file upload-v2.txt (compact mmCIF, C-alpha atoms)
# COMPACT_ATOMS: atom_id res chain seq x y z
CA MET A 1 92.18 -39.03 -86.98
CA ALA A 2 92.00 -36.01 -84.65
CA ALA A 3 95.20 -34.60 -83.30
CA VAL A 4 95.81 -35.17 -79.62
CA PRO A 5 96.21 -31.80 -77.86
CA ALA A 6 99.50 -31.20 -76.14
CA ALA A 7 99.45 -31.77 -72.43
CA ILE A 8 99.00 -28.60 -70.38
CA PRO A 9 101.85 -28.25 -67.92
CA VAL A 10 100.68 -28.58 -64.34
CA ALA A 11 101.44 -25.49 -62.30
CA HIS A 12 103.40 -26.15 -59.17
CA GLU A 13 103.89 -24.03 -56.11
CA MET A 14 107.15 -22.15 -56.21
CA THR A 15 109.79 -23.00 -53.70
CA ARG A 16 111.00 -20.29 -51.37
CA ILE A 17 114.19 -19.85 -53.43
CA GLU A 18 112.19 -19.58 -56.68
CA ALA A 19 109.87 -17.00 -55.13
CA LEU A 20 112.77 -14.90 -53.82
CA ASN A 21 114.55 -15.07 -57.18
CA LEU A 22 111.38 -13.90 -58.96
CA PHE A 23 110.95 -11.01 -56.52
CA ASN A 24 114.62 -10.04 -56.90
CA THR A 25 114.27 -9.99 -60.70
CA ALA A 26 111.15 -7.82 -60.56
CA PHE A 27 112.70 -5.54 -57.95
CA SER A 28 115.78 -4.97 -60.13
CA GLN A 29 113.60 -4.20 -63.17
CA PHE A 30 111.53 -1.66 -61.26
CA ARG A 31 114.61 0.17 -59.99
CA SER A 32 116.43 0.23 -63.33
CA THR A 33 113.66 0.86 -65.89
CA PHE A 34 110.85 2.81 -64.18
CA VAL A 35 110.48 6.31 -65.62
CA ASP A 36 111.42 7.94 -62.30
CA GLN A 37 114.10 6.96 -59.83
CA VAL A 38 112.58 4.70 -57.18
CA ASP A 39 113.67 4.62 -53.55
CA ALA A 40 114.54 1.07 -52.50
CA ASP A 41 112.99 1.48 -49.03
CA LYS A 42 109.66 2.59 -50.48
CA LEU A 43 109.67 -0.33 -52.93
CA VAL A 44 110.28 -2.89 -50.20
CA GLU A 45 107.63 -1.36 -47.91
CA ALA A 46 105.12 -1.28 -50.78
CA ALA A 47 105.90 -4.91 -51.63
CA ILE A 48 105.40 -6.09 -48.05
CA GLY A 49 102.26 -4.00 -47.72
CA GLY A 50 100.82 -5.34 -50.96
CA LEU A 51 101.58 -8.91 -49.94
CA LEU A 52 99.75 -8.52 -46.64
CA THR A 53 96.72 -6.57 -47.89
CA SER A 54 96.19 -9.20 -50.61
CA LEU A 55 95.61 -11.81 -47.91
CA ASP A 56 92.70 -10.19 -46.06
CA PRO A 57 91.45 -6.69 -45.10
CA HIS A 58 92.99 -6.86 -41.62
CA SER A 59 96.61 -7.74 -42.43
CA LYS A 60 98.89 -4.80 -43.17
CA TYR A 61 102.41 -3.43 -42.96
CA LEU A 62 103.14 -0.83 -40.30
CA ASN A 63 105.99 1.50 -41.17
CA PRO A 64 108.03 2.77 -38.19
CA GLU A 65 105.72 5.77 -37.67
CA LYS A 66 102.52 3.70 -37.83
CA TYR A 67 104.07 1.06 -35.57
CA ALA A 68 104.85 3.71 -32.95
CA GLU A 69 101.29 5.08 -33.24
CA ASN A 70 99.88 1.57 -32.82
CA LYS A 71 101.82 1.04 -29.60
CA ALA A 72 100.69 4.44 -28.31
CA GLN A 73 97.07 3.64 -29.14
CA ASN A 74 97.19 0.32 -27.28
CA SER A 75 98.67 2.03 -24.26
CA GLY A 76 95.78 4.50 -24.26
CA GLU A 77 98.08 7.46 -24.93
CA PHE A 78 98.60 9.07 -28.35
CA GLY A 79 99.18 12.31 -30.17
CA GLY A 80 95.86 13.82 -31.18
CA VAL A 81 93.30 16.50 -30.42
CA GLY A 82 91.05 14.49 -28.10
CA VAL A 83 87.66 13.54 -29.52
CA GLU A 84 85.55 10.41 -29.26
CA MET A 85 83.83 10.01 -32.61
CA ALA A 86 81.79 7.80 -34.91
CA VAL A 87 81.00 7.73 -38.62
CA GLU A 88 77.39 8.69 -39.31
CA ASN A 89 75.80 9.25 -42.74
CA GLY A 90 79.22 9.35 -44.36
CA LEU A 91 80.62 12.03 -42.04
CA VAL A 92 82.66 11.95 -38.84
CA LYS A 93 80.49 12.84 -35.86
CA VAL A 94 81.83 13.96 -32.48
CA LEU A 95 80.42 11.87 -29.65
CA ALA A 96 82.28 13.84 -26.98
CA PRO A 97 85.51 15.82 -26.62
CA ILE A 98 87.93 14.36 -24.09
CA GLU A 99 88.19 16.60 -21.04
CA ASP A 100 91.14 19.05 -21.06
CA SER A 101 92.13 18.05 -24.61
CA PRO A 102 92.85 20.56 -27.44
CA ALA A 103 89.37 19.91 -28.88
CA PHE A 104 87.72 20.40 -25.48
CA ARG A 105 89.53 23.68 -24.86
CA ALA A 106 88.71 24.94 -28.38
CA GLY A 107 84.98 24.41 -27.84
CA VAL A 108 84.32 21.36 -30.03
CA LEU A 109 80.85 20.10 -29.12
CA PRO A 110 79.09 16.71 -29.14
CA GLY A 111 77.19 16.42 -32.42
CA ASP A 112 79.67 18.48 -34.43
CA LEU A 113 80.46 16.97 -37.84
CA PHE A 114 83.94 16.88 -39.36
CA THR A 115 83.58 17.29 -43.11
CA HIS A 116 87.31 17.71 -43.89
CA ILE A 117 90.52 16.72 -42.11
CA ASN A 118 93.53 18.80 -43.18
CA GLY A 119 91.57 19.94 -46.22
CA GLU A 120 90.72 16.43 -47.40
CA PRO A 121 87.03 15.39 -47.43
CA VAL A 122 86.08 12.56 -45.10
CA SER A 123 82.91 11.51 -46.91
CA GLY A 124 82.84 7.71 -47.09
CA VAL A 125 85.89 7.02 -44.93
CA SER A 126 85.83 4.35 -42.24
CA LEU A 127 86.19 5.17 -38.55
CA ASN A 128 89.70 3.71 -38.46
CA GLU A 129 90.76 5.80 -41.47
CA ALA A 130 89.42 8.94 -39.83
CA MET A 131 91.25 8.13 -36.60
CA ASP A 132 94.50 7.57 -38.51
CA ARG A 133 94.16 11.00 -40.13
CA MET A 134 93.47 12.68 -36.81
CA ARG A 135 96.47 11.24 -35.01
CA GLY A 136 100.04 12.32 -35.55
CA SER A 137 103.20 13.53 -33.92
CA ILE A 138 102.83 15.65 -30.80
CA GLY A 139 103.17 19.37 -31.58
CA THR A 140 101.99 19.13 -35.19
CA PRO A 141 98.91 21.08 -36.41
CA LEU A 142 95.60 19.51 -37.43
CA THR A 143 92.99 21.53 -39.33
CA LEU A 144 89.36 20.40 -39.06
CA THR A 145 86.42 21.69 -41.06
CA ILE A 146 83.45 21.55 -38.71
CA GLN A 147 79.73 21.68 -39.51
CA ARG A 148 77.66 22.60 -36.48
CA GLY A 149 73.97 21.80 -36.43
CA VAL A 150 71.77 20.33 -39.18
CA GLY A 151 72.53 22.41 -42.28
CA GLY A 152 74.49 24.76 -40.06
CA ARG A 153 77.50 26.86 -40.86
CA SER A 154 80.93 25.35 -41.50
CA PHE A 155 84.19 26.73 -40.17
CA ASP A 156 87.84 25.71 -39.97
CA LEU A 157 89.57 25.05 -36.67
CA THR A 158 93.32 24.44 -36.39
CA LEU A 159 94.51 22.58 -33.29
CA MET A 160 97.92 21.41 -32.12
CA ARG A 161 98.23 17.72 -31.37
CA GLU A 162 99.08 16.82 -27.79
CA LEU A 163 99.63 13.67 -25.78
CA VAL A 164 96.04 12.58 -25.21
CA ARG A 165 95.17 10.15 -22.46
CA SER A 166 91.96 8.67 -23.72
CA PRO A 167 89.78 7.21 -20.96
CA ALA A 168 88.79 3.75 -22.15
CA VAL A 169 85.94 3.58 -19.62
CA ARG A 170 83.37 6.17 -18.55
CA TRP A 171 80.55 5.65 -16.08
CA ARG A 172 77.57 7.33 -14.50
CA THR A 173 74.36 6.32 -12.78
CA GLU A 174 70.92 6.34 -14.39
CA GLY A 175 68.52 6.26 -11.45
CA THR A 176 69.31 2.96 -9.74
CA VAL A 177 71.21 1.53 -12.74
CA GLY A 178 74.95 1.74 -13.30
CA TYR A 179 75.96 2.76 -16.83
CA VAL A 180 79.45 1.81 -18.09
CA LYS A 181 80.72 2.90 -21.51
CA ILE A 182 83.80 1.09 -22.86
CA SER A 183 85.12 2.96 -25.90
CA GLY A 184 88.16 0.78 -26.58
CA PHE A 185 90.27 -2.06 -25.22
CA THR A 186 93.61 -0.59 -24.16
CA GLN A 187 95.86 -1.19 -21.19
CA GLN A 188 93.60 1.24 -19.32
CA THR A 189 90.38 -0.74 -19.81
CA GLN A 190 90.42 -3.25 -16.96
CA PRO A 191 91.61 -0.73 -14.36
CA GLY A 192 88.98 1.69 -15.67
CA LEU A 193 86.25 -0.93 -15.41
CA GLU A 194 87.17 -1.79 -11.82
CA LYS A 195 87.16 1.90 -10.91
CA ALA A 196 83.76 2.36 -12.58
CA MET A 197 82.17 -0.59 -10.78
CA THR A 198 83.56 0.59 -7.45
CA GLY A 199 82.27 4.11 -8.08
CA ILE A 200 78.79 2.92 -9.03
CA ASP A 201 78.60 0.67 -5.98
CA ALA A 202 79.70 3.50 -3.70
CA GLU A 203 77.15 5.92 -5.17
CA LEU A 204 74.12 3.63 -5.23
CA GLY A 205 74.87 1.07 -2.52
CA PRO A 206 71.88 -1.21 -1.80
CA ARG A 207 69.71 0.76 -4.27
CA LEU A 208 71.74 -0.61 -7.21
CA THR A 209 69.49 -2.75 -9.43
CA GLY A 210 71.82 -3.66 -12.34
CA TYR A 211 74.12 -2.48 -15.09
CA VAL A 212 74.13 -1.33 -18.69
CA LEU A 213 77.40 -2.09 -20.45
CA ASP A 214 77.75 0.01 -23.63
CA LEU A 215 80.06 -1.31 -26.38
CA ARG A 216 78.59 0.71 -29.25
CA ASP A 217 81.13 2.19 -31.69
CA ASN A 218 83.90 0.25 -29.93
CA PRO A 219 86.35 -0.91 -32.64
CA GLY A 220 88.19 -3.35 -30.37
CA GLY A 221 91.81 -3.34 -29.28
CA LEU A 222 93.80 -5.63 -27.01
CA VAL A 223 92.36 -9.15 -26.80
CA LYS A 224 93.82 -9.72 -23.32
CA GLN A 225 91.82 -6.76 -22.05
CA ALA A 226 88.61 -8.11 -23.61
CA ILE A 227 89.21 -11.47 -21.92
CA SER A 228 89.87 -9.70 -18.62
CA VAL A 229 86.61 -7.74 -18.93
CA CYS A 230 84.69 -10.97 -19.57
CA ASP A 231 86.37 -12.60 -16.58
CA SER A 232 85.20 -9.69 -14.45
CA PHE A 233 81.57 -10.73 -14.99
CA LEU A 234 81.93 -14.53 -15.23
CA ASP A 235 82.53 -16.96 -12.36
CA GLN A 236 83.31 -19.94 -14.57
CA GLY A 237 83.17 -21.31 -18.11
CA GLU A 238 84.93 -20.58 -21.36
CA ILE A 239 85.36 -17.00 -22.55
CA VAL A 240 86.71 -17.44 -26.08
CA SER A 241 88.84 -19.80 -28.15
CA THR A 242 91.19 -19.17 -31.05
CA ARG A 243 91.93 -21.57 -33.89
CA GLY A 244 94.70 -21.10 -36.40
CA ARG A 245 96.37 -22.93 -39.23
CA ASP A 246 97.93 -25.51 -36.92
CA PRO A 247 95.23 -27.45 -35.01
CA GLU A 248 97.61 -27.86 -32.10
CA SER A 249 97.87 -24.07 -31.75
CA ALA A 250 94.21 -23.75 -30.68
CA ARG A 251 93.81 -21.91 -27.38
CA HIS A 252 90.97 -21.72 -24.90
CA TYR A 253 90.52 -18.97 -22.33
CA TRP A 254 88.52 -19.63 -19.15
CA ALA A 255 86.90 -17.50 -16.49
CA THR A 256 88.10 -17.48 -12.90
CA PRO A 257 85.90 -17.08 -9.80
CA GLY A 258 84.69 -13.57 -9.04
CA ASP A 259 81.91 -11.37 -10.45
CA LEU A 260 82.14 -7.59 -10.20
CA ALA A 261 78.38 -7.33 -10.85
CA HIS A 262 77.56 -9.69 -7.95
CA GLY A 263 74.85 -11.39 -9.96
CA LYS A 264 72.98 -8.17 -10.80
CA PRO A 265 71.23 -8.03 -14.22
CA ILE A 266 73.37 -6.80 -17.12
CA VAL A 267 72.24 -5.47 -20.50
CA LEU A 268 75.00 -5.08 -23.08
CA ILE A 269 74.40 -2.65 -25.99
CA VAL A 270 76.10 -3.19 -29.37
CA ASN A 271 75.77 -1.88 -32.91
CA GLY A 272 77.27 -2.34 -36.36
CA ARG A 273 80.44 -0.55 -35.29
CA SER A 274 81.11 -2.87 -32.34
CA ALA A 275 83.99 -4.99 -33.60
CA SER A 276 86.77 -7.42 -32.72
CA ALA A 277 87.43 -7.39 -28.96
CA SER A 278 83.94 -5.93 -28.42
CA GLU A 279 82.48 -8.96 -30.16
CA ILE A 280 84.49 -11.30 -27.94
CA VAL A 281 82.87 -9.72 -24.89
CA ALA A 282 79.40 -9.73 -26.46
CA GLY A 283 79.68 -13.38 -27.58
CA ALA A 284 81.02 -14.60 -24.25
CA LEU A 285 78.45 -12.86 -22.05
CA GLN A 286 75.64 -13.91 -24.39
CA ASP A 287 76.67 -17.57 -24.63
CA GLN A 288 77.22 -17.80 -20.88
CA HIS A 289 73.78 -16.21 -20.23
CA CYS A 290 75.42 -13.47 -18.19
CA ALA A 291 73.88 -10.53 -20.09
CA VAL A 292 71.02 -9.65 -22.41
CA LEU A 293 72.42 -8.39 -25.70
CA LEU A 294 70.52 -5.41 -27.13
CA GLY A 295 70.99 -3.29 -30.25
CA THR A 296 71.91 -4.29 -33.79
CA GLN A 297 74.18 -6.85 -35.48
CA THR A 298 77.86 -6.33 -34.72
CA PHE A 299 80.56 -5.74 -37.34
CA GLY A 300 81.94 -9.27 -37.74
CA LYS A 301 85.70 -8.99 -37.26
CA GLY A 302 86.63 -12.23 -35.58
CA SER A 303 90.26 -12.67 -36.52
CA VAL A 304 93.45 -12.48 -34.48
CA GLN A 305 96.17 -10.12 -35.70
CA THR A 306 99.71 -10.70 -34.48
CA ILE A 307 102.13 -7.76 -34.64
CA THR A 308 105.72 -8.79 -35.38
CA PRO A 309 108.55 -6.21 -35.49
CA LEU A 310 110.77 -6.19 -38.60
CA SER A 311 114.38 -5.33 -37.66
CA ASN A 312 113.81 -1.64 -36.85
CA ARG A 313 111.75 -1.12 -40.03
CA GLY A 314 108.24 -1.21 -38.68
CA ALA A 315 106.22 -4.37 -38.20
CA THR A 316 103.75 -6.71 -39.83
CA ARG A 317 100.19 -6.94 -38.56
CA MET A 318 99.05 -10.34 -39.81
CA THR A 319 95.98 -12.52 -39.26
CA THR A 320 97.10 -15.69 -37.49
CA ALA A 321 93.87 -17.15 -36.07
CA ARG A 322 90.10 -16.69 -35.72
CA TYR A 323 87.91 -16.22 -32.65
CA TYR A 324 85.10 -18.55 -31.59
CA THR A 325 82.52 -17.92 -28.87
CA PRO A 326 82.04 -20.42 -26.01
CA THR A 327 79.40 -22.33 -28.02
CA GLY A 328 81.72 -22.53 -31.03
CA ARG A 329 80.26 -19.73 -33.14
CA SER A 330 82.63 -17.99 -35.53
CA ILE A 331 82.60 -14.20 -35.34
CA GLN A 332 84.44 -13.54 -38.60
CA ALA A 333 82.23 -11.95 -41.30
CA LEU A 334 79.13 -12.93 -39.27
CA GLY A 335 79.15 -10.81 -36.15
CA ILE A 336 77.01 -11.33 -33.06
CA SER A 337 73.21 -11.15 -33.24
CA PRO A 338 71.54 -9.33 -30.33
CA ASP A 339 68.89 -11.04 -28.20
CA VAL A 340 66.73 -7.94 -28.52
CA VAL A 341 66.99 -6.04 -31.81
CA VAL A 342 66.59 -2.31 -31.20
CA GLU A 343 67.49 0.24 -33.87
CA GLN A 344 68.68 3.63 -32.76
CA ALA A 345 65.81 6.09 -33.24
CA GLN A 346 64.46 9.49 -32.34
CA VAL A 347 61.22 9.73 -30.40
CA MET A 348 58.41 11.83 -31.93
CA LEU A 349 56.24 13.52 -29.35
CA ALA A 350 52.50 14.14 -29.73
CA ASP A 351 53.05 17.77 -30.74
CA ASP A 352 55.30 16.64 -33.65
CA LYS A 353 58.43 17.75 -31.84
CA VAL A 354 61.45 15.45 -31.97
CA GLN A 355 62.80 14.47 -28.59
CA VAL A 356 66.52 13.88 -28.95
CA GLY A 357 67.43 10.91 -26.82
CA ASP A 358 69.18 7.57 -26.78
CA TYR A 359 66.41 5.11 -27.58
CA GLN A 360 68.64 2.03 -27.29
CA LEU A 361 69.82 3.10 -23.85
CA THR A 362 66.24 3.78 -22.77
CA ARG A 363 65.20 0.26 -23.77
CA ALA A 364 68.26 -1.22 -22.02
CA LEU A 365 67.42 0.60 -18.79
CA ASP A 366 63.83 -0.67 -18.98
CA ILE A 367 65.06 -4.28 -19.27
CA VAL A 368 67.46 -3.93 -16.34
CA ARG A 369 64.77 -2.42 -14.12
CA GLY A 370 62.26 -5.07 -15.15
CA ALA A 371 64.70 -7.92 -14.52
CA ALA A 372 65.63 -6.46 -11.15
CA MET A 373 61.96 -6.18 -10.16
CA PHE A 374 61.27 -9.85 -10.87
CA ALA A 375 64.55 -11.01 -9.32
CA GLY A 376 64.33 -8.78 -6.26
CA PRO A 377 63.30 -9.79 -2.75
CA ALA A 378 59.67 -10.25 -1.87
CA PRO A 379 57.80 -7.09 -0.84
CA ALA A 380 57.70 -6.36 2.88
CA ALA A 381 53.98 -7.18 3.11
CA THR A 382 54.50 -10.59 1.51
CA GLN A 383 57.41 -11.37 3.82
CA GLN A 384 55.33 -10.38 6.86
CA ALA A 385 52.46 -12.63 5.73
CA HIS A 386 54.87 -15.52 5.25
CA GLN A 387 56.27 -15.03 8.76
CA GLN A 388 52.76 -14.96 10.22
CA ALA A 389 51.91 -18.19 8.43
CA GLN A 390 54.98 -19.85 9.95
CA LEU A 391 53.89 -18.68 13.45
CA VAL A 392 50.40 -20.15 12.98
CA GLN A 393 51.87 -23.51 12.07
call {"tool": "encode", "arguments": {"input": "upload-v2.txt", "output": "structure tokens"}}
result
Amino acid sequence: MAAVPAAIPVAHEMTRIEALNLFNTAFSQFRSTFVDQVDADKLVEAAIGGLLTSLDPHSKYLNPEKYAENKAQNSGEFGGVGVEMAVENGLVKVLAPIEDSPAFRAGVLPGDLFTHINGEPVSGVSLNEAMDRMRGSIGTPLTLTIQRGVGGRSFDLTLMRELVRSPAVRWRTEGTVGYVKISGFTQQTQPGLEKAMTGIDAELGPRLTGYVLDLRDNPGGLVKQAISVCDSFLDQGEIVSTRGRDPESARHYWATPGDLAHGKPIVLIVNGRSASASEIVAGALQDQHCAVLLGTQTFGKGSVQTITPLSNRGATRMTTARYYTPTGRSIQALGISPDVVVEQAQVMLADDKVQVGDYQLTRALDIVRGAAMFAGPAPAATQQAHQQAQLVQ
């Protein structure tokens, strides 16, 4: 007769007291037996950080310095050298230096590549990691190794960090089209958008045919600002909803009357580095048929992070909910698919010379102009013929 195997004990979830006792035991062992003396503060911070990062890639512990930097970033003011940048081919590329910043005054140019930050290579880092390395306390030095031009020379440049007021919104006109670039969602975004729309309207007046809204390389930011931007272009309907662990905690955000674009055609450009709050805007305007989405698939960060201070020792940044577009699509790990897929490309001319230009923007402008042509008023000759026909009757 075969022996009956002993029953395997069923694992049970630890109570809070059991979990704290286990942590206390491990903490005491680390402090007393590790080969080097361990600082208690560092152990606790590492434990909290490890706990959060084990949950998902977006939850983390912010020590007091990082917490202060986070608040400065959300306000649109921070200690840095003043460059708008993106990660391209594994290196950090300068999109534009911010006017009157240390980088601007030192002659940093659009297209420059940062290969090292403070002597450490940046190959393979994410945009957020590069930004973290660039920022720091006001008055501290930052050394950048810059490569200028394809295969060009490299040189070191040491700059002193200053209080940088990063404009969240830039605008210009492209013929009869208004172009608005939103680089991040800070407390400056909605005021900047309103100023841009007013400026475009004042410059073009009745010649204005539509808008291009550029959210490429926008990593996100404050959700309230993203909702406000959506509301600026929507008269009614849902903007976004959030759903968390508790079904009763679900929230829905709705548009209020008023459209800054006054019904003009809008093309919104996105790419694989458009994330979080950018994807809220893209999903809302797409689902509500307010804009044509052009570019490439967005990043896919559709989760809500809540920042909670920890008794003067930094804060936790923890995922507490997920975003859903007005039609109920989840953004998390999926992203937003554009209506018109357009890869960024260089244009080759007939004489084999490369014309450096923004192909995605060119296509967006074509769509706005085409939409405006079909939606515009009837030509003068047609209107005159219609009036004559009415007189004959």
call {"tool": "closest_residue", "arguments": {"input": "upload-v2.txt", "among": "A:Cys230, A:Ala275, A:Val292, A:Leu361", "to": "Leu334 in chain A", "atoms": "only C-alpha atoms"}}
result
A:Ala275
call {"tool": "atom_distance", "arguments": {"input": "upload-v2.txt", "atom1": "CA of Met318 in chain A", "atom2": "CA of Arg165 in chain A"}}
result
27.1 Å
call {"tool": "atom_distance", "arguments": {"input": "upload-v2.txt", "atom1": "CA of Gly175 in chain A", "atom2": "CA of Leu208 in chain A"}}
result
8.7 Å
call {"tool": "atom_distance", "arguments": {"input": "upload-v2.txt", "atom1": "CA of Ser137 in chain A", "atom2": "CA of Phe185 in chain A"}}
result
22.0 Å
call {"tool": "residues_around", "arguments": {"input": "upload-v2.txt", "residues": "Gly136 in chain A", "least_positions_apart": "2", "cutoff": "12 Å", "atoms": "all atoms listed in the file", "output": "number ranges by chain"}}
result
A: 65-70, 72-73, 77-82, 118, 130-134, 138-142, 159-164
call {"tool": "closest_residue", "arguments": {"input": "upload-v2.txt", "among": "A:Gly205, A:Thr176, A:Leu234, A:Ser32", "to": "Gln288 in chain A", "atoms": "all atoms listed in the file"}}
result
A:Leu234
call {"tool": "closest_residue", "arguments": {"input": "upload-v2.txt", "among": "A:Gln187, A:Ser166, A:Asn63, A:Asn218", "to": "Leu127 in chain A", "atoms": "all atoms listed in the file"}}
result
A:Asn218
call {"tool": "residues_around", "arguments": {"input": "upload-v2.txt", "residues": "Gln188 in chain A", "least_positions_apart": "2", "cutoff": "7 Å", "atoms": "only C-alpha atoms", "output": "number ranges by chain"}}
result
A: 76, 168, 186, 190-192
call {"tool": "residues_around", "arguments": {"input": "upload-v2.txt", "residues": "range 29-31 of chain A", "least_positions_apart": "5", "cutoff": "12 Å", "atoms": "all atoms listed in the file", "output": "ChimeraX atom specification"}}
result
/A:22-24,36-44,47
call {"tool": "residues_around", "arguments": {"input": "upload-v2.txt", "residues": "Trp254 in chain A", "least_positions_apart": "4", "cutoff": "6 Å", "atoms": "only C-alpha atoms", "output": "count of residues only"}}
result
3
call {"tool": "closest_residue", "arguments": {"input": "upload-v2.txt", "among": "A:Thr173, A:Thr325, A:Gln332, A:Asn89", "to": "Leu213 in chain A", "atoms": "all atoms listed in the file"}}
result
A:Thr173
call {"tool": "closest_atom_pairs", "arguments": {"input": "upload-v2.txt", "of": "range 110-222 of chain A", "to": "range 294-297 of chain A", "cutoff": "12 Å", "atoms": "only C-alpha atoms", "output": "Markdown table"}}
result
| residue | atom | partner | partner_atom | distance |
| --- | --- | --- | --- | --- |
| A:Val212 | CA | A:Leu294 | CA | 10.0 |
| A:Leu213 | CA | A:Leu294 | CA | 10.1 |
| A:Asp214 | CA | A:Leu294 | CA | 9.7 |
| A:Leu215 | CA | A:Gly295 | CA | 10.1 |
| A:Arg216 | CA | A:Gly295 | CA | 8.6 |
| A:Asp217 | CA | A:Thr296 | CA | 11.5 |
call {"tool": "closest_residue", "arguments": {"input": "upload-v2.txt", "among": "A:Asn74, A:Ser28, A:Phe104, A:Gly124", "to": "Val92 in chain A", "atoms": "all atoms listed in the file"}}
result
A:Gly124
call {"tool": "residues_around", "arguments": {"input": "upload-v2.txt", "residues": "Tyr61 in chain A", "least_positions_apart": "3", "cutoff": "9 Å", "atoms": "all atoms listed in the file", "output": "list in words"}}
result
Glu45, Ala46, Ile48, Gly49, Gly50, Leu51, Leu52, Thr53, Lys66, Tyr67, Gly314, Ala315, Thr316, Arg317 and Met318 of chain A
call {"tool": "closest_residue", "arguments": {"input": "upload-v2.txt", "among": "A:Ser276, A:Gln236, A:Thr25, A:Thr242", "to": "Pro257 in chain A", "atoms": "only C-alpha atoms"}}
result
A:Gln236
call {"tool": "decode", "arguments": {"input": "upload-v2.txt", "residues": "range 277-310 of chain A", "atoms": "C-alpha atoms", "output": "PDB file, in the first residue's frame"}}
result
ATOM      1  CA  ALA A 277      -1.136  63.192 -19.888  1.00  0.00           C
ATOM      2  CA  SER A 278      -0.337  63.521 -23.613  1.00  0.00           C
ATOM      3  CA  GLU A 279      -2.211  60.291 -24.232  1.00  0.00           C
ATOM      4  CA  ILE A 280      -5.210  61.562 -22.279  1.00  0.00           C
ATOM      5  CA  VAL A 281      -5.427  64.530 -24.644  1.00  0.00           C
ATOM      6  CA  ALA A 282      -4.871  62.377 -27.736  1.00  0.00           C
ATOM      7  CA  GLY A 283      -7.473  59.790 -26.676  1.00  0.00           C
ATOM      8  CA  ALA A 284     -10.090  62.380 -25.754  1.00  0.00           C
ATOM      9  CA  LEU A 285      -9.808  64.476 -28.915  1.00  0.00           C
ATOM     10  CA  GLN A 286      -9.732  61.333 -31.064  1.00  0.00           C
ATOM     11  CA  ASP A 287     -12.746  59.666 -29.425  1.00  0.00           C
ATOM     12  CA  GLN A 288     -14.753  62.891 -29.509  1.00  0.00           C
ATOM     13  CA  HIS A 289     -13.886  63.387 -33.217  1.00  0.00           C
ATOM     14  CA  CYS A 290     -12.401  66.781 -32.434  1.00  0.00           C
ATOM     15  CA  ALA A 291      -9.005  66.169 -34.077  1.00  0.00           C
ATOM     16  CA  VAL A 292      -7.273  63.941 -36.597  1.00  0.00           C
ATOM     17  CA  LEU A 293      -4.485  62.037 -34.865  1.00  0.00           C
ATOM     18  CA  LEU A 294      -1.300  61.758 -36.952  1.00  0.00           C
ATOM     19  CA  GLY A 295       2.091  60.188 -36.298  1.00  0.00           C
ATOM     20  CA  THR A 296       3.013  56.906 -34.624  1.00  0.00           C
ATOM     21  CA  GLN A 297       1.747  54.798 -31.710  1.00  0.00           C
ATOM     22  CA  THR A 298       2.042  56.545 -28.350  1.00  0.00           C
ATOM     23  CA  PHE A 299       3.998  55.203 -25.366  1.00  0.00           C
ATOM     24  CA  GLY A 300       1.205  53.539 -23.385  1.00  0.00           C
ATOM     25  CA  LYS A 301       1.437  54.955 -19.859  1.00  0.00           C
ATOM     26  CA  GLY A 302      -2.156  55.098 -18.724  1.00  0.00           C
ATOM     27  CA  SER A 303      -1.870  54.932 -14.957  1.00  0.00           C
ATOM     28  CA  VAL A 304      -2.510  57.498 -12.244  1.00  0.00           C
ATOM     29  CA  GLN A 305       0.306  58.186  -9.780  1.00  0.00           C
ATOM     30  CA  THR A 306      -0.598  59.779  -6.466  1.00  0.00           C
ATOM     31  CA  ILE A 307       2.185  61.564  -4.562  1.00  0.00           C
ATOM     32  CA  THR A 308       1.860  61.284  -0.780  1.00  0.00           C
ATOM     33  CA  PRO A 309       4.328  63.048   1.566  1.00  0.00           C
ATOM     34  CA  LEU A 310       5.994  60.918   4.258  1.00  0.00           C
TER      35      LEU A 310
END
